[in-house]
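Right, one structure below, let's go through it.
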Amino acid sequence: MKKNIKKILLVVLAIAIVGGIFAACAGNKTSDETTTAAPAEKETLVMATNAEFPPYEYHEGDAIVGIDAEIAQAIADKLGMELKIEDVAFDSIIPGVQAKKYDMGMAGMTVTEERLKSVNFSDSYAKGVQAVIVKEDSDIKSIDDIKGKKIGVQTSTTGDIYASDDYGEENVTKFDNGAIAVQALQSDKVDCVIIDNEPAKSYVAANKGLKVLETAYVEEDYAICFNKENKELQDKVNGALKELIADGTVQKIIDKYIKA
Ligand code: GLN
């Protein structure tokens with residue numbers, strides 16, 4: 001009799017444990033289902049960039065990282081949106097924004113009068129300077145020595161525009177991005193590369209035998225561009241950007257990538 005009671009108790013206990021496990025699993029399942037079903041889908045914010053422009057945007061494994069990528073993420077977080085970054089050629093960013101393929105363009109992009117005819121810009125979030133990369137043993141010692149030399153640039157960038165205006169289109173070779181332009185300098189296909197100062201420093205740090213000339217070329221403001229018809233998004237993003245500048249987030253991100 002005693003033995004039987006023990007047996008029954010054991011069986012009851014076993015059933016309780018197994019039942020408990022099942023209940024727990026089932027419980028988890030239903031809670032999973034409710035969490036995936038409940039919240040409304042986040043609206044996506046599609047940003048076009050050219051991720052060959054360190055420290056503003058570049059590839060790190062599968063991810064696109066850098067100052068612009070992080071500021072854009074902070075903006076998306078503030079707006080409750082899901083950031084999606086598209087890596088495209090620099091000269092297809094503005095046409096893509098105009099065609100509403102992308103919601104915005106952010107690529108260390110300089111505000112210019114010419115571009116303002118095609119797109120709108122946010123407030124500026126950073127400054128850039130056009131700089132000149134040469135080989136360490138180059139006879140180009142300053143900006144004054146560039147005349148008549150072969151200049152490498154990234155197609156459609158301000159470096160391209162200024163160099164073509166100041167030194168003649170025939171002296172300017174256009175490349176798809178900064179990395180390819182720097183390769184051309186290393187293999188003596190061009191005598192110098194005109195590109196923004198921070199990418200110039202990054203490229204020099206990553207490649208032997210190059211240096212950045214002390215004399216800066218042109219100073220400029222970086223901003224985010226939008227389709228002229230999408231004033232609503234421009235205002236929202238600009239509002240978030242203003243807050244992120246005011247609370248020091250933007251400067252913190254810049255300082256993370258650009259050491260003083
Ligand atoms: N600041 C330059 C421009 O706007 C270069 C930008 C870039 O190459 N990503 O033209």
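As shown in the structure tokens, the chain order sets the letters A, B, ...; within each chain, residues go from 1, and ligands are also counted from 1 in the order they appear.
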task = For ligand 1, collect every residue having any atom at a distance of at most 10 Å from a ligand atom (counting only C-alpha atoms and all ligand atoms); output as a PyMOL selection string.
result = chain A and resi 49-54+56-57+89-91+93+106-112+115+127-130+153-162+176-178+194-197+199+219-223
key: Point-to-point distance in Å for atom CA of A:Val212 and atom CA of A:Ala181   =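 Pair atom CA of A:Ala181 / atom CA of A:Val212 returns 14.2 Å.
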task = For A:Cys225, list every protein, DNA or RNA residue within 7 Å, evaluated using only C-alpha atoms, and leave out those in the same chain fewer than 6 positions away; present the list as a ChimeraX atom specification.
result = /A:104-106,119-122
Same residues, C-alpha atoms, output as a PDB file, in the first residue's frame:
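Saved as part-v6.pdb:
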```
ATOM      1  CA  MET A 104      18.330  60.839 -48.816  1.00  0.00           C
ATOM      2  CA  GLY A 105      21.978  61.009 -49.766  1.00  0.00           C
ATOM      3  CA  MET A 106      24.719  61.199 -47.169  1.00  0.00           C
ATOM      4  CA  VAL A 119      18.304  68.684 -54.407  1.00  0.00           C
ATOM      5  CA  ASN A 120      17.692  70.266 -51.002  1.00  0.00           C
ATOM      6  CA  PHE A 121      20.218  70.021 -48.188  1.00  0.00           C
ATOM      7  CA  SER A 122      19.925  69.634 -44.422  1.00  0.00           C
TER       8      SER A 122
END
```
key: Residues within 9 Å of stretch 68-81 of chain A, only C-alpha atoms, excluding chain neighbours under 5 positions, as a ChimeraX atom specification   = /A:42-45,47,49,55-58,106-108,236-238,240-241,244,249-250,253-254
query = Out of stretch 3-203 of chain A, which residues get alpha helix (DSSP H) from DSSP, as a PyMOL selection string?
reply = chain A and resi 3-37+67-79+93-98+113-116+158-167+178-186+197-203
For the selection you just gave me, I'd like the residues written to a file as a tab-separated table (two decimals), in the first residue's frame, keeping C-alpha atoms.
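The resulting file, selection-v1.tsv, is reproduced below:
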```
chain	number	residue	atom	x	y	z
A	3	LYS	CA	4.74	1.43	-2.06
A	4	ASN	CA	1.73	2.10	-4.27
A	5	ILE	CA	1.25	5.59	-2.87
A	6	LYS	CA	4.91	6.32	-3.52
A	7	LYS	CA	4.52	5.10	-7.11
A	8	ILE	CA	1.42	7.22	-7.65
A	9	LEU	CA	3.15	10.26	-6.19
A	10	LEU	CA	6.14	9.73	-8.51
A	11	VAL	CA	3.85	9.43	-11.55
A	12	VAL	CA	1.94	12.57	-10.54
A	13	LEU	CA	5.22	14.40	-10.05
A	14	ALA	CA	6.50	13.25	-13.45
A	15	ILE	CA	3.30	14.35	-15.14
A	16	ALA	CA	3.54	17.70	-13.37
A	17	ILE	CA	7.11	18.25	-14.52
A	18	VAL	CA	6.49	17.23	-18.12
A	19	GLY	CA	3.27	19.23	-18.17
A	20	GLY	CA	5.12	22.22	-16.76
A	21	ILE	CA	7.75	22.04	-19.47
A	22	PHE	CA	5.08	21.84	-22.15
A	23	ALA	CA	3.22	24.76	-20.65
A	24	ALA	CA	6.40	26.79	-20.51
A	25	CYS	CA	7.20	26.05	-24.15
A	26	ALA	CA	3.68	26.78	-25.25
A	27	GLY	CA	3.76	29.97	-23.24
A	28	ASN	CA	6.96	31.06	-24.91
A	29	LYS	CA	5.56	30.33	-28.28
A	30	THR	CA	2.47	32.43	-27.79
A	31	SER	CA	4.47	35.30	-26.38
A	32	ASP	CA	6.82	35.09	-29.41
A	33	GLU	CA	3.91	35.20	-31.74
A	34	THR	CA	2.40	38.19	-30.06
A	35	THR	CA	5.68	40.15	-30.03
A	36	THR	CA	6.29	39.62	-33.74
A	37	ALA	CA	2.73	40.40	-34.69
A	67	ILE	CA	30.73	59.05	-39.28
A	68	ASP	CA	27.85	59.37	-41.77
A	69	ALA	CA	26.60	55.84	-41.11
A	70	GLU	CA	26.51	56.48	-37.35
A	71	ILE	CA	24.91	59.91	-37.58
A	72	ALA	CA	22.28	58.48	-39.96
A	73	GLN	CA	21.62	55.63	-37.51
A	74	ALA	CA	21.19	58.11	-34.65
A	75	ILE	CA	18.74	60.12	-36.79
A	76	ALA	CA	16.77	56.98	-37.73
A	77	ASP	CA	16.64	55.91	-34.06
A	78	LYS	CA	15.33	59.32	-33.06
A	79	LEU	CA	12.64	59.16	-35.75
A	93	ILE	CA	23.49	59.55	-55.40
A	94	ILE	CA	21.88	62.85	-56.46
A	95	PRO	CA	20.14	61.40	-59.56
A	96	GLY	CA	18.85	58.53	-57.37
A	97	VAL	CA	17.49	60.95	-54.77
A	98	GLN	CA	15.86	62.98	-57.56
A	113	GLU	CA	25.10	76.13	-55.58
A	114	GLU	CA	25.00	73.72	-58.50
A	115	ARG	CA	23.71	70.80	-56.41
A	116	LEU	CA	21.11	73.05	-54.76
A	158	THR	CA	33.91	68.87	-55.73
A	159	GLY	CA	37.56	67.84	-56.14
A	160	ASP	CA	36.71	66.94	-59.74
A	161	ILE	CA	34.80	70.18	-60.32
A	162	TYR	CA	37.46	72.50	-58.83
A	163	ALA	CA	40.38	70.70	-60.49
A	164	SER	CA	38.67	70.71	-63.89
A	165	ASP	CA	37.86	74.43	-63.55
A	166	ASP	CA	41.25	75.49	-62.21
A	167	TYR	CA	43.65	73.22	-64.10
A	178	GLY	CA	38.88	57.41	-53.87
A	179	ALA	CA	40.40	53.96	-53.48
A	180	ILE	CA	40.86	53.54	-57.24
A	181	ALA	CA	42.22	57.09	-57.59
A	182	VAL	CA	44.84	56.35	-54.90
A	183	GLN	CA	45.81	53.09	-56.66
A	184	ALA	CA	46.36	55.11	-59.85
A	185	LEU	CA	48.65	57.49	-57.92
A	186	GLN	CA	50.65	54.55	-56.59
A	197	ASN	CA	41.13	65.95	-46.24
A	198	GLU	CA	39.99	63.19	-43.86
A	199	PRO	CA	39.71	60.49	-46.56
A	200	ALA	CA	43.12	61.71	-47.79
A	201	LYS	CA	44.58	61.10	-44.33
A	202	SER	CA	42.95	57.67	-44.13
A	203	TYR	CA	44.30	56.65	-47.52
```
inquiry  = Give me, as a PyMOL selection string, all polymer residues having an atom no more than 10 Å from A:Gly148, counting only C-alpha atoms and skipping those fewer than 5 positions away in the same chain.
reply    = chain A and resi 167-168+170-172+191
key: Atomic separation - atom CA of A:Glu136 relative to atom CA of A:Lys211, Å   = 5.5 Å
